[in-house]
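Structure data (mmCIF, C-alpha atoms) from my_file.cif:
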data_protein
loop_
_atom_site.label_atom_id
_atom_site.label_comp_id
_atom_site.auth_asym_id
_atom_site.auth_seq_id
_atom_site.Cartn_x
_atom_site.Cartn_y
_atom_site.Cartn_z
CA MET A 1 144.22 73.46 104.39
CA ARG A 2 147.16 73.60 102.02
CA GLN A 3 147.60 70.47 99.92
CA PRO A 4 151.11 68.98 99.63
CA SER A 5 152.64 68.34 96.25
CA SER A 6 154.34 65.11 97.29
CA ARG A 7 154.11 62.29 99.77
CA ASN A 8 155.95 62.08 103.12
CA SER A 9 155.27 65.78 103.80
CA SER A 10 154.46 67.37 107.16
CA THR A 11 150.81 67.40 106.13
CA ALA A 12 151.00 63.67 105.49
CA TYR A 13 152.17 63.13 109.05
CA LEU A 14 149.42 65.40 110.38
CA VAL A 15 146.73 63.46 108.52
CA TRP A 16 148.26 60.17 109.63
CA SER A 17 148.41 61.38 113.26
CA VAL A 18 144.70 62.16 113.28
CA GLY A 19 143.84 58.86 111.60
CA LEU A 20 146.08 57.11 114.12
CA SER A 21 144.23 58.88 116.95
CA VAL A 22 140.93 57.60 115.55
CA TYR A 23 142.30 54.06 115.48
CA PHE A 24 143.71 54.50 119.01
CA LEU A 25 140.26 55.44 120.26
CA ALA A 26 138.69 52.53 118.38
CA VAL A 27 141.04 50.09 120.12
CA PHE A 28 140.18 51.72 123.44
CA HIS A 29 136.46 51.26 122.80
CA ARG A 30 137.09 47.68 121.62
CA SER A 31 139.13 46.78 124.71
CA SER A 32 137.15 48.74 127.31
CA LEU A 33 135.33 45.58 128.43
CA ALA A 34 138.58 43.69 129.15
CA VAL A 35 138.94 44.88 132.74
CA ALA A 36 135.17 45.11 133.23
CA GLY A 37 134.38 41.45 132.57
CA LEU A 38 133.73 40.52 136.20
CA ALA A 39 131.83 43.78 136.80
CA ALA A 40 129.69 43.14 133.71
CA ALA A 41 128.91 39.60 134.89
CA GLU A 42 127.64 41.03 138.16
CA ARG A 43 125.85 44.05 136.66
CA PHE A 44 123.86 42.01 134.16
CA ASP A 45 123.80 38.74 136.19
CA ILE A 46 125.18 36.60 133.37
CA THR A 47 127.25 33.43 132.90
CA ALA A 48 130.70 33.12 131.30
CA ALA A 49 129.15 32.08 127.98
CA GLN A 50 126.85 35.12 128.06
CA LEU A 51 129.80 37.34 128.94
CA SER A 52 131.66 35.90 125.94
CA THR A 53 128.70 36.89 123.79
CA PHE A 54 129.56 40.56 124.27
CA THR A 55 132.94 40.08 122.64
CA MET A 56 131.66 37.42 120.23
CA LEU A 57 129.04 39.70 118.67
CA GLN A 58 131.47 42.61 118.59
CA LEU A 59 134.02 40.47 116.74
CA VAL A 60 131.39 38.93 114.44
CA VAL A 61 130.34 42.39 113.32
CA TYR A 62 133.95 43.58 113.04
CA ALA A 63 135.09 40.59 110.98
CA GLY A 64 131.94 40.46 108.87
CA MET A 65 132.22 44.15 108.00
CA GLN A 66 135.80 44.07 106.76
CA ILE A 67 135.08 43.36 103.09
CA PRO A 68 132.05 45.71 102.96
CA VAL A 69 134.16 48.42 104.61
CA GLY A 70 136.89 47.94 102.01
CA LEU A 71 134.31 48.38 99.28
CA LEU A 72 132.84 51.45 101.03
CA ILE A 73 136.30 53.02 101.22
CA ASP A 74 136.81 52.45 97.50
CA ARG A 75 133.43 54.09 96.85
CA PHE A 76 133.20 56.94 99.41
CA GLY A 77 136.79 57.48 100.54
CA ALA A 78 138.59 56.73 103.79
CA ARG A 79 137.72 60.06 105.42
CA SER A 80 133.95 59.64 105.20
CA VAL A 81 134.06 56.05 106.40
CA MET A 82 136.37 56.86 109.31
CA VAL A 83 134.30 59.82 110.53
CA THR A 84 131.12 57.75 110.36
CA GLY A 85 132.71 54.89 112.29
CA THR A 86 133.98 57.19 115.03
CA ALA A 87 130.52 58.72 115.51
CA ILE A 88 128.90 55.26 115.71
CA MET A 89 131.36 54.13 118.40
CA ALA A 90 130.73 57.27 120.48
CA LEU A 91 126.98 56.72 120.43
CA ALA A 92 127.42 53.02 121.19
CA GLN A 93 129.59 53.66 124.24
CA GLY A 94 127.00 56.13 125.48
CA GLY A 95 124.37 53.42 125.17
CA PHE A 96 126.59 50.92 126.96
CA ALA A 97 127.09 53.40 129.81
CA LEU A 98 123.34 53.67 130.35
CA ALA A 99 122.43 50.03 129.71
CA GLU A 100 120.66 48.29 132.58
CA SER A 101 119.72 45.06 130.82
CA TYR A 102 121.75 42.39 129.06
CA PRO A 103 119.97 42.73 125.66
CA THR A 104 120.46 46.52 125.61
CA ALA A 105 124.14 46.12 126.44
CA LEU A 106 124.50 43.54 123.65
CA VAL A 107 123.09 45.98 121.09
CA ALA A 108 125.54 48.64 122.28
CA ARG A 109 128.56 46.31 121.90
CA VAL A 110 127.40 45.28 118.43
CA CYS A 111 127.42 48.95 117.45
CA VAL A 112 130.89 49.34 118.96
CA GLY A 113 132.04 46.55 116.65
CA LEU A 114 130.36 48.21 113.67
CA GLY A 115 132.12 51.54 114.23
CA ASP A 116 135.41 49.83 115.06
CA ALA A 117 135.29 47.94 111.76
CA MET A 118 135.30 51.24 109.85
CA THR A 119 138.59 52.61 111.19
CA PHE A 120 141.69 50.45 110.69
CA THR A 121 141.30 49.64 107.00
CA ALA A 122 140.55 53.32 106.35
CA VAL A 123 143.73 54.39 108.16
CA LEU A 124 145.81 51.91 106.13
CA ARG A 125 144.28 53.28 102.93
CA GLN A 126 145.40 56.78 103.92
CA VAL A 127 148.88 55.48 104.73
CA ASN A 128 149.10 54.06 101.21
CA GLU A 129 147.89 57.37 99.72
CA TRP A 130 150.11 59.71 101.75
CA PHE A 131 153.44 57.85 101.97
CA THR A 132 155.92 56.33 99.52
CA PRO A 133 156.14 52.52 99.16
CA ARG A 134 159.47 52.39 100.97
CA ARG A 135 157.99 53.97 104.09
CA ILE A 136 154.68 52.11 104.06
CA PRO A 137 155.81 48.93 105.95
CA VAL A 138 157.24 50.94 108.85
CA ILE A 139 154.30 53.40 108.97
CA THR A 140 151.89 50.46 108.85
CA GLN A 141 153.62 48.81 111.82
CA LEU A 142 153.62 52.09 113.73
CA THR A 143 149.92 52.48 113.00
CA GLY A 144 149.19 49.07 114.44
CA VAL A 145 151.37 49.26 117.54
CA VAL A 146 150.67 52.88 118.49
CA GLY A 147 146.98 52.30 117.91
CA GLN A 148 147.17 49.36 120.28
CA THR A 149 148.03 51.74 123.11
CA GLY A 150 144.28 52.25 123.18
CA ALA A 151 144.24 48.91 125.00
CA LEU A 152 146.69 50.41 127.48
CA VAL A 153 144.21 53.17 128.27
CA ALA A 154 141.55 50.50 128.63
CA ALA A 155 143.57 48.65 131.29
CA LEU A 156 144.75 50.56 134.35
CA PRO A 157 142.78 53.82 133.80
CA MET A 158 139.53 51.95 133.11
CA THR A 159 140.14 49.79 136.18
CA TRP A 160 140.48 52.96 138.25
CA ALA A 161 137.48 54.64 136.58
CA LEU A 162 135.20 51.68 137.14
CA SER A 163 136.25 51.44 140.80
CA HIS A 164 136.03 55.17 141.62
CA LEU A 165 133.55 56.66 139.14
CA GLY A 166 131.20 53.77 138.51
CA TRP A 167 130.02 52.04 135.37
CA SER A 168 127.92 54.80 133.79
CA THR A 169 130.42 57.61 134.35
CA ALA A 170 133.42 55.58 133.13
CA TYR A 171 131.77 54.60 129.86
CA GLY A 172 130.11 58.03 129.55
CA VAL A 173 133.52 59.72 129.52
CA ALA A 174 134.57 57.30 126.77
CA ALA A 175 131.54 58.38 124.72
CA VAL A 176 132.40 62.08 125.10
CA LEU A 177 135.97 61.43 123.90
CA GLY A 178 134.48 59.77 120.84
CA ILE A 179 132.36 62.80 120.01
CA VAL A 180 135.40 65.10 120.26
CA MET A 181 137.45 62.82 118.01
CA THR A 182 134.66 62.71 115.42
CA VAL A 183 134.79 66.49 115.06
CA VAL A 184 138.59 66.57 114.81
CA ALA A 185 138.61 63.85 112.15
CA ALA A 186 135.96 65.61 110.08
CA VAL A 187 137.99 68.83 110.08
CA VAL A 188 141.54 67.54 109.51
CA LEU A 189 141.40 64.34 107.46
CA HIS A 190 141.95 64.31 103.69
CA ASP A 191 141.69 61.23 101.49
CA THR A 192 144.69 62.05 99.28
CA PRO A 193 147.21 64.88 98.95
CA GLU A 194 145.10 66.28 96.11
CA VAL A 195 141.53 65.53 97.20
CA ARG A 196 139.80 66.16 100.55
CA THR A 197 136.94 63.72 99.97
CA LEU A 198 137.43 61.00 97.38
CA ARG A 199 134.49 59.46 95.55
CA GLY A 200 135.00 56.31 93.54
CA PRO A 201 132.81 54.74 90.85
CA ARG A 202 129.46 53.26 91.82
CA LEU A 203 129.68 49.71 93.02
CA SER A 204 128.09 47.00 90.93
CA TRP A 205 127.78 43.31 91.64
CA THR A 206 130.39 42.58 88.97
CA VAL A 207 132.89 45.01 90.49
CA VAL A 208 132.32 43.61 93.98
CA ARG A 209 132.56 40.00 92.84
CA ASP A 210 135.71 40.57 90.78
CA GLY A 211 137.42 42.49 93.58
CA ILE A 212 136.76 39.81 96.19
CA THR A 213 137.53 36.80 94.01
CA GLY A 214 140.58 38.44 92.46
CA SER A 215 142.05 39.29 95.86
CA TRP A 216 141.39 35.87 97.40
CA ALA A 217 142.65 34.05 94.31
CA HIS A 218 146.18 35.35 94.89
CA PRO A 219 148.09 33.06 97.30
CA GLY A 220 149.82 36.13 98.74
CA THR A 221 146.47 37.41 100.02
CA ARG A 222 145.66 34.00 101.49
CA THR A 223 149.07 33.85 103.16
CA GLY A 224 148.40 37.28 104.66
CA PHE A 225 144.99 36.12 105.90
CA TRP A 226 146.46 33.11 107.70
CA VAL A 227 149.36 35.14 109.12
CA HIS A 228 146.81 37.50 110.66
CA PHE A 229 144.68 34.55 111.80
CA THR A 230 147.56 32.73 113.50
CA THR A 231 149.43 35.49 115.31
CA GLN A 232 146.74 37.82 116.64
CA PHE A 233 144.14 35.77 118.50
CA SER A 234 146.03 35.00 121.73
CA GLY A 235 146.79 38.62 122.56
CA THR A 236 143.36 39.79 121.41
CA ALA A 237 141.51 37.31 123.62
CA LEU A 238 143.61 38.38 126.60
CA SER A 239 143.24 42.11 126.01
CA MET A 240 139.57 42.12 125.07
CA LEU A 241 138.07 39.82 127.69
CA TRP A 242 139.78 36.82 129.23
CA GLY A 243 143.23 38.07 130.28
CA TYR A 244 142.02 39.83 133.41
CA PRO A 245 139.83 36.95 134.70
CA PHE A 246 142.59 34.44 133.86
CA LEU A 247 145.24 36.32 135.82
CA VAL A 248 142.95 37.03 138.79
CA ARG A 249 141.09 33.71 139.07
CA ALA A 250 143.54 31.17 137.62
CA GLU A 251 146.86 32.72 138.69
CA HIS A 252 145.52 34.43 141.86
CA LEU A 253 147.06 37.84 141.14
CA SER A 254 145.65 41.04 142.56
CA GLU A 255 143.47 43.19 140.32
CA THR A 256 146.21 45.83 140.15
CA THR A 257 148.90 43.33 139.18
CA ALA A 258 146.64 41.85 136.51
CA GLY A 259 146.07 45.33 135.07
CA VAL A 260 149.83 45.98 135.07
CA LEU A 261 150.49 42.73 133.17
CA LEU A 262 147.94 43.65 130.52
CA THR A 263 149.71 47.01 130.27
CA VAL A 264 153.05 45.21 129.84
CA MET A 265 151.53 43.25 126.95
CA VAL A 266 150.61 46.48 125.18
CA LEU A 267 154.05 47.98 125.84
CA ALA A 268 155.64 44.86 124.31
CA THR A 269 153.48 45.35 121.23
CA ILE A 270 154.52 48.99 120.92
CA SER A 271 158.22 48.23 121.40
CA ALA A 272 158.34 45.37 118.91
CA GLY A 273 156.35 47.03 116.12
CA PRO A 274 159.02 49.34 114.64
CA VAL A 275 161.61 46.57 114.83
CA VAL A 276 159.37 44.12 112.96
CA GLY A 277 158.51 46.81 110.40
CA SER A 278 162.17 47.56 109.71
CA VAL A 279 163.07 43.88 109.32
CA VAL A 280 160.12 43.27 107.00
CA ALA A 281 161.05 46.29 104.87
CA ARG A 282 164.62 44.99 104.46
CA HIS A 283 163.87 41.27 104.04
CA PRO A 284 160.36 40.79 102.60
CA TRP A 285 161.13 37.24 101.48
CA TYR A 286 161.12 36.09 105.12
CA ARG A 287 157.85 37.76 106.18
CA SER A 288 155.89 34.55 106.69
CA THR A 289 158.86 32.89 108.41
CA ILE A 290 158.96 35.71 110.97
CA ALA A 291 155.22 35.34 111.56
CA MET A 292 155.43 31.58 112.11
CA GLY A 293 158.36 32.04 114.48
CA VAL A 294 156.30 34.43 116.62
CA ALA A 295 153.36 32.00 116.64
CA PHE A 296 155.62 29.17 117.86
CA ALA A 297 157.04 31.45 120.59
CA ILE A 298 153.55 32.37 121.84
CA ALA A 299 152.48 28.72 121.87
CA ALA A 300 155.62 27.71 123.75
CA SER A 301 155.00 30.38 126.41
CA TRP A 302 151.43 29.20 126.96
CA THR A 303 152.60 25.60 127.18
CA VAL A 304 154.99 26.39 130.03
CA VAL A 305 152.38 28.47 131.91
CA LEU A 306 149.60 25.89 131.57
CA ALA A 307 151.91 23.00 132.52
CA TRP A 308 153.36 24.80 135.55
CA PRO A 309 152.35 23.10 138.82
CA GLY A 310 150.27 25.56 140.82
CA ASP A 311 150.42 29.30 140.18
CA ALA A 312 152.98 30.34 137.57
CA PRO A 313 155.70 32.70 138.91
CA LEU A 314 155.33 36.37 138.04
CA TRP A 315 158.38 36.39 135.77
CA LEU A 316 156.84 33.62 133.65
CA LEU A 317 153.56 35.51 133.34
CA VAL A 318 155.56 38.54 132.20
CA VAL A 319 157.15 36.37 129.50
CA LEU A 320 153.70 35.13 128.50
CA VAL A 321 152.18 38.59 128.05
CA VAL A 322 155.28 39.85 126.24
CA MET A 323 155.11 36.94 123.79
CA ALA A 324 151.36 37.46 123.30
CA GLY A 325 152.06 41.15 122.69
CA LEU A 326 154.46 40.27 119.86
CA GLY A 327 151.51 38.75 118.03
CA GLY A 328 150.23 42.23 117.22
CA PRO A 329 153.23 43.35 115.13
CA ALA A 330 153.48 39.87 113.60
CA SER A 331 149.85 40.04 112.47
CA MET A 332 150.60 43.31 110.63
CA ILE A 333 152.91 41.34 108.35
CA GLY A 334 149.76 39.97 106.75
CA PHE A 335 148.83 43.43 105.43
CA ASP A 336 152.24 43.86 103.84
CA LEU A 337 151.81 40.50 102.11
CA GLY A 338 148.46 41.70 100.78
CA ARG A 339 149.89 45.05 99.66
CA SER A 340 152.64 43.41 97.60
CA SER A 341 150.24 40.86 96.08
CA ASN A 342 147.43 43.10 94.80
CA PRO A 343 147.01 46.09 92.47
CA SER A 344 145.95 49.40 94.03
CA GLU A 345 142.35 49.17 92.78
CA ARG A 346 141.62 46.18 95.03
CA LEU A 347 144.00 46.98 97.89
CA SER A 348 141.26 47.92 100.39
CA THR A 349 139.35 44.74 99.54
CA ALA A 350 142.46 42.60 100.10
CA THR A 351 143.17 44.44 103.36
CA GLY A 352 139.62 43.76 104.52
CA ILE A 353 139.93 40.06 103.72
CA ILE A 354 143.21 39.79 105.62
CA ASN A 355 141.89 41.76 108.58
CA GLN A 356 139.11 39.21 108.96
CA GLY A 357 141.62 36.47 109.77
CA GLY A 358 142.79 37.50 113.22
CA PHE A 359 139.37 38.57 114.38
CA LEU A 360 137.75 35.37 113.13
CA ALA A 361 140.30 33.39 115.15
CA SER A 362 139.79 35.68 118.16
CA LEU A 363 136.04 35.21 117.92
CA LEU A 364 136.37 31.43 117.88
CA LEU A 365 138.74 31.50 120.84
CA VAL A 366 136.70 33.92 122.97
CA VAL A 367 133.57 31.83 122.53
CA ALA A 368 135.39 28.54 123.10
CA ILE A 369 136.93 29.83 126.34
CA GLY A 370 133.52 30.88 127.66
CA VAL A 371 131.89 27.58 126.76
CA VAL A 372 134.69 25.49 128.27
CA LEU A 373 134.74 27.59 131.45
CA ASP A 374 131.01 27.00 131.94
CA TRP A 375 131.51 23.30 131.23
CA ARG A 376 134.36 22.92 133.74
CA THR A 377 132.91 25.21 136.46
CA PRO A 378 130.37 23.63 138.83
CA GLY A 379 126.83 25.02 138.75
CA ALA A 380 126.16 28.56 137.58
CA SER A 381 129.08 30.07 139.48
CA THR A 382 131.51 32.58 137.96
CA ALA A 383 134.24 31.44 140.37
CA TYR A 384 136.26 29.83 137.58
CA THR A 385 138.96 27.45 138.79
CA PRO A 386 142.58 27.24 137.57
CA GLU A 387 141.79 23.80 136.14
CA ALA A 388 138.86 25.23 134.18
CA PHE A 389 141.10 27.93 132.73
CA ARG A 390 143.75 25.38 131.75
CA TRP A 391 141.14 23.48 129.77
CA ALA A 392 139.78 26.69 128.22
CA MET A 393 143.12 28.22 127.23
CA SER A 394 144.20 24.95 125.62
CA CYS A 395 141.71 25.67 122.82
CA GLN A 396 144.42 27.88 121.31
CA TYR A 397 146.45 24.90 120.13
CA VAL A 398 143.81 23.94 117.57
CA LEU A 399 143.96 27.41 116.03
CA TRP A 400 147.76 27.51 115.97
CA ALA A 401 147.94 24.11 114.26
CA LEU A 402 145.43 25.15 111.60
CA GLY A 403 146.98 28.57 111.01
CA ILE A 404 150.61 27.47 110.73
CA THR A 405 149.67 24.67 108.35
CA MET A 406 147.79 27.09 106.07
CA ILE A 407 150.60 29.68 106.14
CA TRP A 408 153.05 27.01 105.03
CA ARG A 409 150.84 25.78 102.20
CA ASN A 410 149.93 29.18 100.80
CA ARG A 411 153.36 30.76 101.06
CA ARG A 412 154.79 27.92 98.93
CA ARG A 413 152.26 28.79 96.23
CA ALA A 414 152.88 32.53 96.57
CA ARG A 415 156.64 32.10 96.31
CA ALA A 416 156.30 29.79 93.32
CA LEU A 417 154.10 32.35 91.55
CA LEU A 418 156.54 35.16 92.32
CA LEU A 419 159.55 33.19 91.09
CA ALA A 420 157.70 32.29 87.91
CA GLN A 421 157.24 36.01 87.25
CA ASP A 422 160.77 36.98 88.38
CA PRO A 423 163.39 34.21 88.77
CA ASP A 424 165.65 36.60 90.72
CA ALA A 425 162.93 37.65 93.18
CA LYS A 426 164.40 35.77 96.15
CA ARG A 427 167.83 37.35 95.68
CA HIS A 428 166.29 40.82 95.43
CA MET A 429 163.98 40.37 98.41
CA THR A 430 166.58 39.01 100.82
CA GLY A 431 168.71 42.12 100.50
CA LEU A 432 171.39 40.27 98.52
CA GLY A 433 170.55 41.80 95.15
#

Just give me the structure of the file as structure tokens.
Amino acid sequence: MRQPSSRNSSTAYLVWSVGLSVYFLAVFHRSSLAVAGLAAAERFDITAAQLSTFTMLQLVVYAGMQIPVGLLIDRFGARSVMVTGTAIMALAQGGFALAESYPTALVARVCVGLGDAMTFTAVLRQVNEWFTPRRIPVITQLTGVVGQTGALVAALPMTWALSHLGWSTAYGVAAVLGIVMTVVAAVVLHDTPEVRTLRGPRLSWTVVRDGITGSWAHPGTRTGFWVHFTTQFSGTALSMLWGYPFLVRAEHLSETTAGVLLTVMVLATISAGPVVGSVVARHPWYRSTIAMGVAFAIAASWTVVLAWPGDAPLWLLVVLVVMAGLGGPASMIGFDLGRSSNPSERLSTATGIINQGGFLASLLLVVAIGVVLDWRTPGASTAYTPEAFRWAMSCQYVLWALGITMIWRNRRRARALLLAQDPDAKRHMTGLG
């Protein structure tokens, strides 16, 4: 494969396209349980809290692996990490397809989370290696929103596959797709324009410690973490597990309509991503303001839906899923804050720290919803009531309050540090310089 002499070449877009396809498939694997929640509860004869455990463990592994994955990328290169992660997910989905018991299925979902954790940060590292700084914010947004179409494939098509092909065949096909993508990634991906497989220096405790503490010490990294924490969790909880049961059981929609609404959420994410990326590239000073505005809009939408007497009208549910979908592009702002706050040698570590934020919040929310649903639902039934869902979905307000408060605190410190280094930074970053 011919190596390009500069960034932004046709080869750069080819490498990015393959990396994007890997991330797309990872999101598909991650979200493939979203429309299968009720089927999984019946297949394994489990409660809402046990059903939440599937997603909880997957998110625990994903979030917990972010910093180690960043370090692995620095040591072994993005290509090796990405290929390994794709292979792990394929094997895990195969195991999930064949699982007959709850413990076996749990192990499979844990492995899905492990492989999933090894993709996104690796793709972002390749974006930073193959494109110029001016294009990175837009390419990063496109990576996030196009990759999220994997959730689209996990909505309507998975609903159809589970209904017509059965559990084992539906997840077995997903495993085969993973094997094919592993081979393609191994053949096409390159770590940099000059090197196919990058190998960094051996990791020592001092290097690891300095990378983590140095990244977290910068208030820009912390702002990015809380931006990711605050904007992502609502859409993630809906797309990964609780959106489908909420729409079917609490709002009494048909299974098809619920699948369409989850698809609309993904389409909203895709449509908004390039717009958010362009605005961020032109006005980086207002990145955290944009993120907080999206968080307030999501919270307002949920407030109207939960306060609505009886079933919310369809148009309002469309507004809700569109607003939740905007959280995806808004969460990507966190990575741009980390990129502009850290030197290249600790960029993957900072990205891993930031990427933990949204998935930590999603983990807390998914578990809280399951626990509250069991608490508010009589007996051991899975026939969750609208009242139970209103209690459960209200857990989001605690996370929004915490996240917005921490964004505000840390961005003040980040801006003060930036202005101390460059008194004209605000004028330059608002497009007025």

- Message: Counting all atoms listed in the file, which residue out of A:Pro284, A:Gly273, A:Gly370, A:Pro423 sits closest to Val138 in chain A?
- Response: A:Gly273

- Task: One decimal, Å: what's the distance from CA of Gly325 in chain A over to CA of Gly235 in chain A, could you say?
- Result: 5.8 Å

- Task: Excluding Leu326 in chain A and any residue of its chain fewer than 5 positions from it, enumerate the residues within 7 Å of it, using all atoms listed in the file, and give them as a PyMOL selection string.
- Result: chain A and resi 268-269+272+294

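The set of residues that the PyMOL selection byres ((chain A and resi 351) around 9) takes from this file is Gln66, Ile67, Gly70, Thr121, Leu124, Arg125, Thr221, Gly224, Phe225, Gly334, Phe335, Gly338, Arg339, Arg346, Leu347, Ser348, Thr349, Ala350, Gly352, Ile353, Ile354, Asn355 and Gln356 of chain A.
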
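For the atom pair formed by CA of Cys395 in chain A and CA of Ser362 in chain A, the distance is 11.2 Å, given to one decimal.
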
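Once Thr86 in chain A and its same-chain neighbours fewer than 6 positions away are set aside, A:Val22, A:Tyr23, A:Leu25, A:Ala26, A:Gly115, A:Asp116, A:Met118, A:Thr119, A:Gly178, A:Ile179, A:Met181, A:Thr182, A:Ala185 remain within 9 Å of it when counting only C-alpha atoms.
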
- Please write as a count of residues only the full residue list that the PyMOL selection byres ((chain A and resi 279) around 12) yields on this file. 27

Using only C-alpha atoms, determine which residues lie at most 10 Å from Leu72 in chain A, disregarding the query and same-chain residues fewer than 3 positions distant; provide the list as a JSON list (two decimals) with C-alpha atoms, in the coordinates of the input.
[["chain", "number", "residue", "atom", "x", "y", "z"],
["A", 66, "GLN", "CA", 135.80, 44.07, 106.76],
["A", 67, "ILE", "CA", 135.08, 43.36, 103.09],
["A", 68, "PRO", "CA", 132.05, 45.71, 102.96],
["A", 69, "VAL", "CA", 134.16, 48.42, 104.61],
["A", 75, "ARG", "CA", 133.43, 54.09, 96.85],
["A", 76, "PHE", "CA", 133.20, 56.94, 99.41],
["A", 77, "GLY", "CA", 136.79, 57.48, 100.54],
["A", 78, "ALA", "CA", 138.59, 56.73, 103.79],
["A", 80, "SER", "CA", 133.95, 59.64, 105.20],
["A", 81, "VAL", "CA", 134.06, 56.05, 106.40],
["A", 118, "MET", "CA", 135.30, 51.24, 109.85],
["A", 122, "ALA", "CA", 140.55, 53.32, 106.35],
["A", 199, "ARG", "CA", 134.49, 59.46, 95.55],
["A", 200, "GLY", "CA", 135.00, 56.31, 93.54],
["A", 202, "ARG", "CA", 129.46, 53.26, 91.82],
["A", 203, "LEU", "CA", 129.68, 49.71, 93.02],
["A", 348, "SER", "CA", 141.26, 47.92, 100.39],
["A", 349, "THR", "CA", 139.35, 44.74, 99.54]]

- How far is it from CA of Val322 in chain A to CA of Ala170 in chain A, in Å with one decimal? 27.8 Å
